[in-house]
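Colleague: Take a look at my_file-v7.cif, mmCIF, C-alpha atoms:
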data_work
#
loop_
_atom_site.label_atom_id
_atom_site.label_comp_id
_atom_site.auth_asym_id
_atom_site.auth_seq_id
_atom_site.Cartn_x
_atom_site.Cartn_y
_atom_site.Cartn_z
CA MET U 29 7.06 -19.41 -12.33
CA SER U 30 4.09 -20.55 -14.35
CA PHE U 31 0.62 -19.13 -13.87
CA GLY U 32 -2.91 -20.23 -14.58
CA ALA U 33 -4.95 -18.94 -17.47
CA ALA U 34 -4.44 -15.30 -18.36
CA VAL U 35 -7.17 -12.81 -17.58
CA ALA U 36 -9.53 -12.38 -20.51
CA PRO U 37 -9.65 -8.83 -21.92
CA ALA U 38 -12.30 -6.80 -20.13
CA PRO U 39 -15.41 -6.23 -22.27
CA GLN U 40 -15.83 -2.73 -20.84
CA LEU U 41 -13.69 0.37 -21.23
CA VAL U 42 -13.38 1.06 -17.50
CA GLY U 43 -9.93 0.07 -16.31
CA SER U 44 -8.74 -0.66 -19.86
CA CYS U 45 -6.28 2.19 -20.48
CA THR U 46 -8.60 4.68 -22.13
CA SER U 47 -6.92 7.80 -20.72
CA GLY U 48 -4.43 9.98 -22.52
CA THR U 49 -0.81 10.58 -21.59
CA THR U 50 -1.77 13.59 -19.44
CA ASP U 51 -3.42 11.26 -16.92
CA ARG U 52 -0.15 9.67 -15.82
CA LEU U 53 3.04 10.93 -14.13
CA ALA U 54 5.06 10.83 -17.33
CA PRO U 55 3.97 10.24 -20.95
CA GLN U 56 5.97 7.02 -21.21
CA ASP U 57 4.43 5.44 -18.08
CA HIS U 58 2.92 2.07 -18.98
CA CYS U 59 -0.82 1.57 -18.47
CA VAL U 60 -1.61 -1.90 -17.11
CA GLN U 61 -4.36 -3.72 -18.99
CA SER U 62 -7.40 -5.26 -17.24
CA ALA U 63 -7.06 -3.31 -13.99
CA GLY U 64 -10.66 -4.00 -12.92
CA GLY U 65 -14.06 -2.36 -12.87
CA ASP U 66 -14.01 -0.65 -9.46
CA GLY U 67 -11.70 1.17 -7.08
CA ILE U 68 -8.16 -0.16 -6.60
CA SER U 69 -7.39 -0.63 -2.91
CA SER U 70 -3.81 -1.97 -2.85
CA LEU U 71 -0.75 -2.78 -4.97
CA ARG U 72 2.03 -5.20 -4.05
CA TRP U 73 5.17 -6.44 -5.81
CA SER U 74 6.78 -9.82 -5.33
CA SER U 75 10.17 -9.56 -3.61
CA THR U 76 11.68 -12.20 -5.90
CA ALA U 77 10.35 -11.27 -9.37
CA ASN U 78 8.51 -8.45 -11.11
CA HIS U 79 5.06 -9.81 -10.41
CA LEU U 80 2.53 -7.09 -9.54
CA VAL U 81 -0.66 -7.85 -7.61
CA SER U 82 -3.67 -5.57 -7.10
CA THR U 83 -6.86 -5.75 -5.04
CA ASN U 84 -10.14 -4.11 -6.02
CA TRP U 85 -13.53 -3.18 -4.73
CA ASP U 86 -14.99 -5.39 -7.49
CA GLY U 87 -13.81 -8.45 -5.53
CA GLY U 88 -10.83 -9.22 -7.75
CA VAL U 89 -7.22 -10.07 -6.90
CA ARG U 90 -5.16 -9.74 -10.09
CA CYS U 91 -1.59 -10.54 -11.06
CA TRP U 92 0.64 -9.28 -13.88
CA GLU U 93 4.15 -10.14 -14.99
CA VAL U 94 5.95 -6.84 -15.59
CA GLN U 95 8.89 -6.64 -17.95
CA GLU U 96 11.35 -3.74 -18.18
CA GLN U 97 14.09 -3.24 -20.74
CA GLY U 98 15.89 0.00 -21.42
CA GLY U 99 13.24 1.96 -19.54
CA GLN U 100 10.42 0.46 -21.62
CA ILE U 101 7.80 -1.37 -19.56
CA ARG U 102 5.19 -3.96 -20.44
CA ALA U 103 2.73 -5.66 -18.05
CA LEU U 104 1.21 -8.99 -19.07
CA PRO U 105 -2.05 -10.07 -17.34
CA LYS U 106 -1.46 -13.52 -15.87
CA ALA U 107 -4.25 -14.56 -13.54
CA GLN U 108 -7.18 -13.41 -11.43
CA VAL U 109 -9.17 -14.79 -8.51
CA ASN U 110 -12.20 -13.33 -6.73
CA HIS U 111 -13.31 -13.19 -3.13
CA GLU U 112 -16.56 -14.99 -2.39
CA GLY U 113 -19.61 -13.10 -3.63
CA ASN U 114 -17.26 -10.57 -5.28
CA ALA U 115 -16.98 -8.86 -1.90
CA PRO U 116 -14.62 -5.85 -1.96
CA VAL U 117 -10.97 -6.74 -1.37
CA LEU U 118 -9.23 -4.12 0.75
CA ASP U 119 -5.60 -5.21 1.03
CA CYS U 120 -3.07 -7.91 0.23
CA CYS U 121 0.50 -8.96 0.96
CA MET U 122 2.88 -11.56 -0.44
CA SER U 123 5.01 -14.29 1.09
CA PRO U 124 8.79 -13.65 1.06
CA ASP U 125 9.30 -16.23 -1.71
CA GLY U 126 6.79 -14.38 -3.91
CA ASN U 127 4.68 -17.48 -4.53
CA THR U 128 1.66 -16.77 -2.31
CA VAL U 129 -0.77 -13.86 -2.04
CA PHE U 130 -2.76 -13.23 1.14
CA SER U 131 -5.80 -10.98 0.77
CA VAL U 132 -8.49 -9.57 3.05
CA GLY U 133 -11.68 -7.59 2.67
CA ALA U 134 -15.37 -7.07 3.26
CA ASP U 135 -16.16 -10.80 3.31
CA LYS U 136 -14.40 -10.87 6.74
CA ALA U 137 -12.03 -13.56 5.48
CA VAL U 138 -8.25 -13.93 5.29
CA ARG U 139 -7.57 -15.74 2.01
CA MET U 140 -4.54 -17.45 0.46
CA TRP U 141 -3.80 -17.75 -3.27
CA GLN U 142 -0.91 -19.84 -4.51
CA LEU U 143 0.22 -18.19 -7.74
CA GLY U 144 0.13 -20.64 -10.61
CA GLN U 145 -2.80 -22.56 -9.14
CA ALA U 146 -6.49 -22.14 -9.91
CA PRO U 147 -8.53 -22.53 -6.68
CA PRO U 148 -11.99 -24.17 -6.68
CA ASN U 149 -14.63 -21.79 -8.12
CA ASN U 150 -11.76 -19.32 -8.57
CA VAL U 151 -12.12 -18.28 -4.90
CA PRO U 152 -8.89 -18.26 -2.83
CA GLN U 153 -8.71 -20.59 0.15
CA GLN U 154 -9.93 -19.10 3.44
CA ILE U 155 -7.37 -19.43 6.24
CA GLY U 156 -8.86 -17.03 8.81
CA SER U 157 -11.74 -14.75 9.69
CA HIS U 158 -12.83 -11.70 11.69
CA ASP U 159 -16.23 -10.59 13.00
CA GLN U 160 -16.13 -7.46 10.82
CA PRO U 161 -14.50 -6.49 7.50
CA ILE U 162 -10.71 -6.80 7.48
CA LYS U 163 -8.83 -3.66 6.48
CA SER U 164 -5.17 -4.70 6.35
CA VAL U 165 -2.85 -7.71 6.21
CA GLY U 166 0.88 -8.36 6.55
CA PHE U 167 3.40 -11.21 6.62
CA LEU U 168 5.77 -11.87 9.54
CA LYS U 169 9.00 -13.34 8.15
CA SER U 170 10.47 -14.51 11.47
CA SER U 171 7.49 -16.72 12.33
CA ASN U 172 5.95 -17.34 8.88
CA MET U 173 2.66 -16.02 10.21
CA ILE U 174 0.08 -13.79 8.58
CA VAL U 175 -1.30 -10.86 10.61
CA SER U 176 -4.69 -9.28 9.89
CA GLY U 177 -6.33 -6.19 11.35
CA GLY U 178 -10.05 -5.50 11.15
CA TYR U 179 -12.93 -3.22 11.95
CA ASP U 180 -13.68 -5.58 14.88
CA LYS U 181 -10.75 -3.93 16.71
CA MET U 182 -8.72 -7.13 16.57
CA LEU U 183 -5.26 -8.12 15.42
CA LYS U 184 -5.13 -11.82 14.57
CA PHE U 185 -2.11 -13.97 13.76
CA TRP U 186 -2.50 -16.97 11.46
CA ASP U 187 -0.60 -20.09 10.55
CA ALA U 188 -1.93 -21.03 7.12
CA ARG U 189 -2.01 -24.70 8.19
CA GLN U 190 -4.36 -24.11 11.14
CA PRO U 191 -8.02 -22.96 11.17
CA ASN U 192 -7.78 -20.97 14.41
CA PRO U 193 -5.61 -17.92 15.10
CA VAL U 194 -2.26 -18.60 16.74
CA ALA U 195 -2.73 -15.40 18.76
CA GLN U 196 -4.96 -12.35 18.85
CA ILE U 197 -4.70 -8.87 20.35
CA GLN U 198 -7.54 -6.56 21.33
CA LEU U 199 -6.97 -3.04 19.98
CA PRO U 200 -8.37 0.29 21.22
CA GLU U 201 -10.16 0.97 17.93
CA ARG U 202 -10.74 -0.19 14.34
CA VAL U 203 -7.68 -0.84 12.17
CA TYR U 204 -7.20 1.62 9.32
CA ASP U 205 -3.78 0.38 8.18
CA LEU U 206 -0.82 -1.75 9.27
CA ASP U 207 2.67 -2.39 7.94
CA VAL U 208 5.44 -4.85 8.72
CA SER U 209 9.19 -4.50 8.14
CA ASP U 210 11.16 -7.45 9.52
CA SER U 211 10.88 -7.11 13.33
CA LEU U 212 8.76 -3.93 13.36
CA MET U 213 5.00 -3.82 12.95
CA VAL U 214 3.05 -0.57 13.14
CA VAL U 215 -0.75 -0.37 13.35
CA ALA U 216 -2.81 2.79 12.78
CA CYS U 217 -6.30 2.74 14.30
CA ALA U 218 -9.33 4.99 14.44
CA GLY U 219 -9.19 7.62 17.15
CA ARG U 220 -5.59 8.45 16.09
CA HIS U 221 -4.19 5.49 18.03
CA ILE U 222 -0.85 4.15 16.77
CA LEU U 223 0.65 0.96 18.16
CA THR U 224 4.07 -0.55 17.44
CA TYR U 225 5.12 -4.15 18.04
CA ASN U 226 8.29 -6.20 18.03
CA VAL U 227 7.38 -9.24 15.93
CA GLN U 228 10.77 -10.94 15.90
CA GLY U 229 9.23 -13.83 17.86
CA GLN U 230 6.03 -13.77 19.87
CA PRO U 231 4.49 -10.34 19.10
CA GLN U 232 5.28 -7.89 21.90
CA GLU U 233 3.80 -4.41 22.15
CA HIS U 234 6.55 -1.81 22.07
CA GLU U 235 4.54 1.40 22.39
CA ARG U 236 1.07 2.84 21.98
CA LYS U 237 0.63 6.55 21.45
CA GLU U 238 -1.56 9.19 19.91
CA SER U 239 -0.70 10.15 16.35
CA PRO U 240 1.44 13.29 16.10
CA LEU U 241 -1.03 14.48 13.44
CA LYS U 242 -4.21 16.27 14.48
CA PHE U 243 -6.62 14.44 12.18
CA GLN U 244 -7.57 10.89 11.23
CA SER U 245 -4.77 8.53 10.17
CA ARG U 246 -5.06 7.31 6.60
CA CYS U 247 -1.92 5.23 6.03
CA VAL U 248 1.23 4.04 7.73
CA ALA U 249 4.55 2.60 6.52
CA ALA U 250 7.52 1.20 8.46
CA PHE U 251 11.04 2.38 7.66
CA PRO U 252 13.07 -0.27 5.78
CA ASP U 253 15.70 -0.17 8.56
CA ASN U 254 12.97 -0.78 11.22
CA THR U 255 13.89 2.32 13.26
CA GLY U 256 10.49 4.00 12.87
CA TYR U 257 7.55 4.72 10.61
CA ALA U 258 5.74 7.35 8.58
CA VAL U 259 2.04 8.09 9.08
CA GLY U 260 -0.19 10.05 6.71
CA SER U 261 -3.47 11.77 7.56
CA ILE U 262 -6.59 13.05 5.84
CA GLU U 263 -5.41 16.65 6.24
CA GLY U 264 -2.37 16.58 3.97
CA ARG U 265 0.32 15.96 6.53
CA VAL U 266 2.93 13.24 7.19
CA GLY U 267 4.53 12.39 10.53
CA ILE U 268 8.01 10.83 10.71
CA GLN U 269 8.32 8.90 13.97
CA TYR U 270 11.30 7.02 15.41
CA VAL U 271 10.78 4.03 17.71
CA THR U 272 14.53 3.44 18.09
CA LYS U 273 16.94 6.17 19.10
CA VAL U 274 19.00 7.19 16.06
CA PRO U 275 21.85 9.68 16.64
CA GLY U 276 21.05 13.03 15.08
CA LYS U 277 17.48 12.06 14.15
CA GLU U 278 14.31 13.37 15.77
CA SER U 279 10.63 12.81 15.00
CA PHE U 280 8.91 15.56 13.00
CA ALA U 281 5.92 16.27 10.75
CA PHE U 282 5.49 18.18 7.50
CA LYS U 283 2.69 19.41 5.22
CA CYS U 284 2.09 18.00 1.76
CA HIS U 285 -0.73 17.42 -0.76
CA ARG U 286 -2.09 20.92 -0.28
CA ASP U 287 -2.97 23.66 -2.75
CA GLY U 288 -3.64 27.00 -1.07
CA ASN U 289 -6.61 26.47 1.23
CA ASN U 290 -7.41 23.09 -0.32
CA VAL U 291 -6.22 20.16 1.78
CA TYR U 292 -6.12 16.59 0.47
CA ALA U 293 -5.76 13.17 2.09
CA VAL U 294 -2.43 11.35 1.98
CA ASN U 295 -3.70 8.01 0.68
CA HIS U 296 -0.55 5.92 0.74
CA ILE U 297 3.14 5.95 1.71
CA ALA U 298 5.69 3.59 0.15
CA PHE U 299 9.41 3.27 0.94
CA HIS U 300 12.19 2.61 -1.55
CA LYS U 301 14.06 -0.35 -0.05
CA GLY U 302 17.43 0.63 -1.50
CA TYR U 303 17.65 4.30 -0.53
CA GLY U 304 15.16 4.54 2.36
CA THR U 305 13.46 7.43 0.58
CA PHE U 306 9.70 7.31 0.11
CA SER U 307 6.67 8.31 -1.91
CA THR U 308 3.37 9.86 -0.91
CA VAL U 309 0.29 9.77 -3.12
CA GLY U 310 -2.84 11.78 -2.52
CA ALA U 311 -6.40 12.72 -3.26
CA ASP U 312 -5.00 15.68 -5.21
CA GLY U 313 -3.71 13.32 -7.92
CA ILE U 314 -0.09 14.10 -7.09
CA VAL U 315 2.89 11.84 -6.41
CA ASN U 316 5.86 13.14 -4.43
CA PHE U 317 9.20 11.46 -3.67
CA TRP U 318 10.78 12.47 -0.33
CA ASP U 319 14.01 12.12 1.63
CA LYS U 320 13.21 12.04 5.36
CA ASP U 321 16.86 12.06 6.46
CA ASN U 322 17.69 15.30 4.67
CA LYS U 323 14.15 16.70 5.01
CA GLN U 324 13.58 17.50 1.37
CA ARG U 325 11.31 16.69 -1.53
CA LEU U 326 13.23 14.87 -4.23
CA LYS U 327 10.62 14.92 -6.97
CA GLY U 328 7.16 16.40 -7.40
CA PHE U 329 5.24 15.06 -10.38
CA PRO U 330 2.53 17.05 -12.17
CA ALA U 331 -1.01 16.36 -10.99
CA ILE U 332 -2.90 13.77 -13.05
CA HIS U 333 -6.26 15.32 -12.11
CA ARG U 334 -7.53 12.05 -10.63
CA THR U 335 -7.16 10.73 -7.11
CA ILE U 336 -4.32 8.25 -6.56
CA THR U 337 -5.25 5.55 -4.07
CA CYS U 338 -2.09 3.48 -3.63
CA ALA U 339 1.43 2.90 -4.95
CA GLN U 340 4.46 0.65 -4.49
CA PHE U 341 8.11 0.39 -5.54
CA ASN U 342 9.28 -2.98 -6.84
CA ALA U 343 12.06 -4.83 -4.98
CA GLN U 344 14.79 -3.51 -7.28
CA GLY U 345 13.46 0.04 -6.95
CA ASN U 346 13.50 0.77 -10.68
CA MET U 347 9.72 0.56 -11.16
CA PHE U 348 6.94 2.40 -9.34
CA ALA U 349 3.34 1.23 -9.70
CA TYR U 350 0.51 3.61 -8.86
CA ALA U 351 -3.27 3.32 -9.09
CA SER U 352 -5.75 5.96 -10.17
CA SER U 353 -9.37 5.53 -9.07
CA TYR U 354 -11.90 7.33 -6.91
CA ASP U 355 -10.98 7.27 -3.21
CA TRP U 356 -14.34 8.50 -1.81
CA SER U 357 -12.60 11.40 -0.05
CA LYS U 358 -15.40 13.70 -1.28
CA GLY U 359 -18.22 11.24 -0.68
CA SER U 360 -20.78 9.69 -2.99
CA SER U 361 -21.91 13.04 -4.41
CA GLN U 362 -18.58 13.42 -6.27
CA HIS U 363 -18.42 9.87 -7.55
CA ALA U 364 -18.71 9.55 -11.33
CA PRO U 365 -19.65 5.97 -12.34
CA ASN U 366 -17.45 6.19 -15.44
CA THR U 367 -14.32 7.20 -13.49
CA PRO U 368 -11.47 5.08 -14.91
CA ASN U 369 -9.76 2.59 -12.61
CA GLU U 370 -6.23 2.36 -13.92
CA ILE U 371 -2.79 1.18 -12.87
CA PHE U 372 0.39 2.69 -14.29
CA VAL U 373 4.03 1.66 -13.95
CA HIS U 374 6.66 4.41 -13.94
CA HIS U 375 10.31 3.70 -14.74
CA VAL U 376 12.19 5.24 -11.80
CA GLN U 377 15.27 7.26 -12.67
CA ASP U 378 18.01 7.21 -10.04
CA GLU U 379 18.04 11.00 -9.85
CA GLU U 380 14.33 10.99 -8.96
CA ILE U 381 14.63 8.88 -5.81
CA LYS U 382 18.28 8.97 -4.66
CA PRO U 383 19.11 11.30 -1.75
CA LYS U 384 20.70 14.53 -2.95
CA GLY U 385 22.39 15.73 0.23
CA LYS U 386 21.43 17.86 3.16
CA LYS U 387 19.20 20.90 2.80
CA SER U 388 17.17 22.77 5.39
CA GLY U 389 13.44 22.05 5.53
CA TYR U 390 10.97 20.48 3.12
CA ARG U 391 10.43 22.25 -0.21
#
Now, as a test, write the supplied structure out as structure tokens.

Modeller:
Amino acid sequence: MSFGAAVAPAPQLVGSCTSGTTDRLAPQDHCVQSAGGDGISSLRWSSTANHLVSTNWDGGVRCWEVQEQGGQIRALPKAQVNHEGNAPVLDCCMSPDGNTVFSVGADKAVRMWQLGQAPPNNVPQQIGSHDQPIKSVGFLKSSNMIVSGGYDKMLKFWDARQPNPVAQIQLPERVYDLDVSDSLMVVACAGRHILTYNVQGQPQEHERKESPLKFQSRCVAAFPDNTGYAVGSIEGRVGIQYVTKVPGKESFAFKCHRDGNNVYAVNHIAFHKGYGTFSTVGADGIVNFWDKDNKQRLKGFPAIHRTITCAQFNAQGNMFAYASSYDWSKGSSQHAPNTPNEIFVHHVQDEEIKPKGKKSGYR
């Protein structure tokens, strides 16, 4: 695939790999150049190539080509577009062929960017809208539709060729996160509402329930095998929930991202498509790899002493991208304007993420 003009080197130090090797999971983790000048809200990999896309509060949607050889990683900045008025971009997803990025944010617009093309005024084409900022977006493979969830308490389904939504669903509260895995879509809303849908054809609600966690939902991720989902909360806890009966498996919850009496938000959950294991990243600056089936922690990385906002495994599962920037979990009083906004790519060793066998309880 060919791209448009590469991103020019940022004239400022913020987001330009100024930190030392102690501010990443491992000393050899690659720092991605030109990661932006404000908080990083999402990371996504193409399913067909090692193209990494990020969204930022500075209004940017950025793309890199990531190369890996012998465990050595290099990310090449390829292109960048910006939402209108540089409005904060809150989430993105990619089409199954890896050629198109769909992004949403505070401009209340669902936007489409064809990689390799430079849109007019460098602003991606608008294909949909909400009445309030849009928090999350996903792609439905079976229908080739885009789904968006916003603070207007609406789920909307879009065909990129039509200006009006194909369908829309009224939700009980604002959308905080959503995720799609083939036929399963899970939506986490304010008020601890969680809704699951069968999206194999026309979206059908499967179940709505209260989160098994006692505090506000922060993130949600569907299992790769579509049998359930994981939900993370602001109080350092993850719930594993099954929507399909699996012999020998029951829903449960466990504590994580805690240090004594200090409790930190679980900011993002990402599944490894090959092994079905998953990562959690938190406001404590820690990344953990987990095995839900055997109820154990596979790998706990040292804290990087900066909040980690989001992360994602690539399609092959041998690279793990994670973003370090302020997550506002401690409010404006703790925000330092010079806080770096950086993206790193970790080369995943098989022994870090592969299930190790059954043990009792999380450790």

Colleague: Tell me, as a list in words, which residues lie within 6 Å of stretch 127-130 of chain U, counting only C-alpha atoms; anything in the same chain fewer than 3 positions away does not count.

Modeller: Cys120, Cys121, Met122, Ser123, Arg139, Met140, Trp141, Gln142 and Leu143 of chain U

Colleague: Kindly resolve the PyMOL selection byres ((chain U and resi 313) around 7) on the present coordinates and return the residues as a list of chain:residue names.

Modeller: U:Gly310, U:Ala311, U:Asp312, U:Ile314, U:Val315, U:Ala331, U:Ile332, U:His333, U:Arg334, U:Thr335, U:Ile336

Colleague: Write out as an MDAnalysis selection string the residues lying within 12 Å of U:Pro330, counting all atoms listed in the file and excluding same-chain residues fewer than 5 positions away.

Modeller: chainID U and resid 49:55 285 309 312:316

Colleague: Can you tell me which residues surround U:Ala188 at a distance of at most 10 Å, considering only C-alpha atoms, apart from same-chain residues fewer than 3 positions away, and format the answer as a PyMOL selection string?

Modeller: chain U and resi 130+138-140+153-156+172-174+185+191-194

Colleague: Could you give me, as a CSV table (one decimal) with C-alpha atoms, in the coordinates of the input, the residues within 7 Å of stretch 219-223 of chain U, counting only C-alpha atoms and dropping anything in the same chain fewer than 2 positions from it?

Modeller:
chain,number,residue,atom,x,y,z
U,201,GLU,CA,-10.2,1.0,17.9
U,214,VAL,CA,3.0,-0.6,13.1
U,215,VAL,CA,-0.8,-0.4,13.4
U,216,ALA,CA,-2.8,2.8,12.8
U,217,CYS,CA,-6.3,2.7,14.3
U,225,TYR,CA,5.1,-4.2,18.0
U,235,GLU,CA,4.5,1.4,22.4
U,236,ARG,CA,1.1,2.8,22.0
U,237,LYS,CA,0.6,6.6,21.4
U,238,GLU,CA,-1.6,9.2,19.9
U,239,SER,CA,-0.7,10.2,16.4
U,244,GLN,CA,-7.6,10.9,11.2
U,245,SER,CA,-4.8,8.5,10.2

Colleague: Apply the PyMOL selection byres ((chain U and resi 350) around 7) to the structure shown and report the selected residues as an MDAnalysis selection string.

Modeller: chainID U and resid 338:340 348:349 351:352 371:373

Colleague: Using only C-alpha atoms, which residues of stretch 79-170 of chain U come within 8 Å of stretch 56-73 of chain U, and what is the closest atom pair for each, with the distance in Å to one decimal? Give it as JSON lines, sorted by chain and residue number.

Modeller:
{"residue": "U:His79", "atom": "CA", "partner": "U:Trp73", "partner_atom": "CA", "distance": 5.7}
{"residue": "U:Leu80", "atom": "CA", "partner": "U:Trp73", "partner_atom": "CA", "distance": 4.6}
{"residue": "U:Val81", "atom": "CA", "partner": "U:Arg72", "partner_atom": "CA", "distance": 5.2}
{"residue": "U:Ser82", "atom": "CA", "partner": "U:Leu71", "partner_atom": "CA", "distance": 4.6}
{"residue": "U:Thr83", "atom": "CA", "partner": "U:Ser70", "partner_atom": "CA", "distance": 5.3}
{"residue": "U:Asn84", "atom": "CA", "partner": "U:Ile68", "partner_atom": "CA", "distance": 4.5}
{"residue": "U:Trp85", "atom": "CA", "partner": "U:Gly67", "partner_atom": "CA", "distance": 5.3}
{"residue": "U:Asp86", "atom": "CA", "partner": "U:Asp66", "partner_atom": "CA", "distance": 5.2}
{"residue": "U:Gly88", "atom": "CA", "partner": "U:Gly64", "partner_atom": "CA", "distance": 7.3}
{"residue": "U:Arg90", "atom": "CA", "partner": "U:Ala63", "partner_atom": "CA", "distance": 7.8}
{"residue": "U:Gln100", "atom": "CA", "partner": "U:Gln56", "partner_atom": "CA", "distance": 7.9}
{"residue": "U:Ile101", "atom": "CA", "partner": "U:His58", "partner_atom": "CA", "distance": 6.0}
{"residue": "U:Arg102", "atom": "CA", "partner": "U:His58", "partner_atom": "CA", "distance": 6.6}
{"residue": "U:Ala103", "atom": "CA", "partner": "U:Val60", "partner_atom": "CA", "distance": 5.8}
{"residue": "U:Leu104", "atom": "CA", "partner": "U:Gln61", "partner_atom": "CA", "distance": 7.7}
{"residue": "U:Pro105", "atom": "CA", "partner": "U:Gln61", "partner_atom": "CA", "distance": 7.0}
{"residue": "U:Val117", "atom": "CA", "partner": "U:Ser69", "partner_atom": "CA", "distance": 7.2}
{"residue": "U:Leu118", "atom": "CA", "partner": "U:Ser69", "partner_atom": "CA", "distance": 5.4}
{"residue": "U:Asp119", "atom": "CA", "partner": "U:Ser70", "partner_atom": "CA", "distance": 5.4}
{"residue": "U:Cys120", "atom": "CA", "partner": "U:Ser70", "partner_atom": "CA", "distance": 6.7}
{"residue": "U:Cys121", "atom": "CA", "partner": "U:Arg72", "partner_atom": "CA", "distance": 6.4}
{"residue": "U:Met122", "atom": "CA", "partner": "U:Arg72", "partner_atom": "CA", "distance": 7.4}

Colleague: Return the single residue from U:Pro161, U:Gly256, U:Gly177, U:Gly126 that is closest to U:Glu278, with distances computed using only C-alpha atoms.

Modeller: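 Of the candidates, the smallest distance to U:Glu278 is held by U:Gly256.
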
Colleague: First collect every listed atom of stretch 338-352 of chain U; then fit an axis-aligned box around them, widen it by 5 Å on each side, and give centre and edge lengths in Å to one decimal, as lines of an AutoDock Vina configuration file.

Modeller:
center_x = 4.5
center_y = 0.6
center_z = -7.4
size_x = 30.5
size_y = 20.8
size_z = 17.5

Colleague: Take the PyMOL selection byres ((chain U and resi 209) around 8), run it mentally on this structure, and tell me the resulting residues as a PyMOL selection string.

Modeller: chain U and resi 207-208+210-213+250-254

Colleague: From the set U:His363, U:Arg189, U:Lys382, U:Lys323, which residue has the shortest atom-to-atom contact distance to U:Gly302, counting only C-alpha atoms?

Modeller: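 So, comparing all the options, the nearest one is U:Lys382.
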
Colleague: Smallest atom-to-atom distance to U:Lys163: which of U:Gln232, U:Ser353, U:Ser176, U:Asn149, using all atoms listed in the file?

Modeller: U:Ser176

Colleague: How many Å separate atom CA of U:Pro124 from atom CA of U:Val151?

Modeller: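 Atom CA of U:Val151 lies at a distance of 22.2 Å from atom CA of U:Pro124.
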
Colleague: Could stretch 140-144 of chain U be completed with all heavy atoms and written as a PDB file, keeping the file's coordinate frame, please?

Modeller:
ATOM      1  N   MET U 140      -5.875 -17.095   0.955  1.00  0.00           N
ATOM      2  CA  MET U 140      -4.540 -17.450   0.460  1.00  0.00           C
ATOM      3  C   MET U 140      -4.648 -17.948  -0.971  1.00  0.00           C
ATOM      4  O   MET U 140      -5.456 -18.838  -1.273  1.00  0.00           O
ATOM      5  CB  MET U 140      -3.927 -18.532   1.350  1.00  0.00           C
ATOM      6  CG  MET U 140      -2.553 -19.003   0.905  1.00  0.00           C
ATOM      7  SD  MET U 140      -1.823 -20.213   2.057  1.00  0.00           S
ATOM      8  CE  MET U 140      -2.882 -21.636   1.742  1.00  0.00           C
ATOM      9  N   TRP U 141      -3.828 -17.374  -1.851  1.00  0.00           N
ATOM     10  CA  TRP U 141      -3.800 -17.750  -3.270  1.00  0.00           C
ATOM     11  C   TRP U 141      -2.379 -18.131  -3.645  1.00  0.00           C
ATOM     12  O   TRP U 141      -1.481 -17.302  -3.593  1.00  0.00           O
ATOM     13  CB  TRP U 141      -4.285 -16.580  -4.119  1.00  0.00           C
ATOM     14  CG  TRP U 141      -4.232 -16.794  -5.600  1.00  0.00           C
ATOM     15  CD1 TRP U 141      -4.282 -17.991  -6.275  1.00  0.00           C
ATOM     16  CD2 TRP U 141      -4.095 -15.771  -6.602  1.00  0.00           C
ATOM     17  NE1 TRP U 141      -4.207 -17.774  -7.624  1.00  0.00           N
ATOM     18  CE2 TRP U 141      -4.088 -16.429  -7.857  1.00  0.00           C
ATOM     19  CE3 TRP U 141      -4.002 -14.381  -6.559  1.00  0.00           C
ATOM     20  CZ2 TRP U 141      -3.971 -15.728  -9.058  1.00  0.00           C
ATOM     21  CZ3 TRP U 141      -3.885 -13.684  -7.751  1.00  0.00           C
ATOM     22  CH2 TRP U 141      -3.876 -14.355  -8.989  1.00  0.00           C
ATOM     23  N   GLN U 142      -2.191 -19.385  -4.007  1.00  0.00           N
ATOM     24  CA  GLN U 142      -0.910 -19.840  -4.510  1.00  0.00           C
ATOM     25  C   GLN U 142      -0.833 -19.487  -6.001  1.00  0.00           C
ATOM     26  O   GLN U 142      -1.595 -20.017  -6.806  1.00  0.00           O
ATOM     27  CB  GLN U 142      -0.778 -21.370  -4.338  1.00  0.00           C
ATOM     28  CG  GLN U 142      -0.856 -21.837  -2.893  1.00  0.00           C
ATOM     29  CD  GLN U 142       0.467 -21.722  -2.161  1.00  0.00           C
ATOM     30  OE1 GLN U 142       1.484 -21.348  -2.761  1.00  0.00           O
ATOM     31  NE2 GLN U 142       0.480 -22.038  -0.878  1.00  0.00           N
ATOM     32  N   LEU U 143       0.089 -18.588  -6.348  1.00  0.00           N
ATOM     33  CA  LEU U 143       0.220 -18.190  -7.740  1.00  0.00           C
ATOM     34  C   LEU U 143       0.564 -19.406  -8.601  1.00  0.00           C
ATOM     35  O   LEU U 143       1.386 -20.243  -8.222  1.00  0.00           O
ATOM     36  CB  LEU U 143       1.276 -17.111  -7.903  1.00  0.00           C
ATOM     37  CG  LEU U 143       0.955 -15.760  -7.247  1.00  0.00           C
ATOM     38  CD1 LEU U 143       2.114 -14.786  -7.433  1.00  0.00           C
ATOM     39  CD2 LEU U 143      -0.324 -15.162  -7.804  1.00  0.00           C
ATOM     40  N   GLY U 144      -0.078 -19.492  -9.740  1.00  0.00           N
ATOM     41  CA  GLY U 144       0.130 -20.640 -10.610  1.00  0.00           C
ATOM     42  C   GLY U 144      -0.891 -21.731 -10.412  1.00  0.00           C
ATOM     43  O   GLY U 144      -0.913 -22.713 -11.158  1.00  0.00           O
TER      44      GLY U 144
END
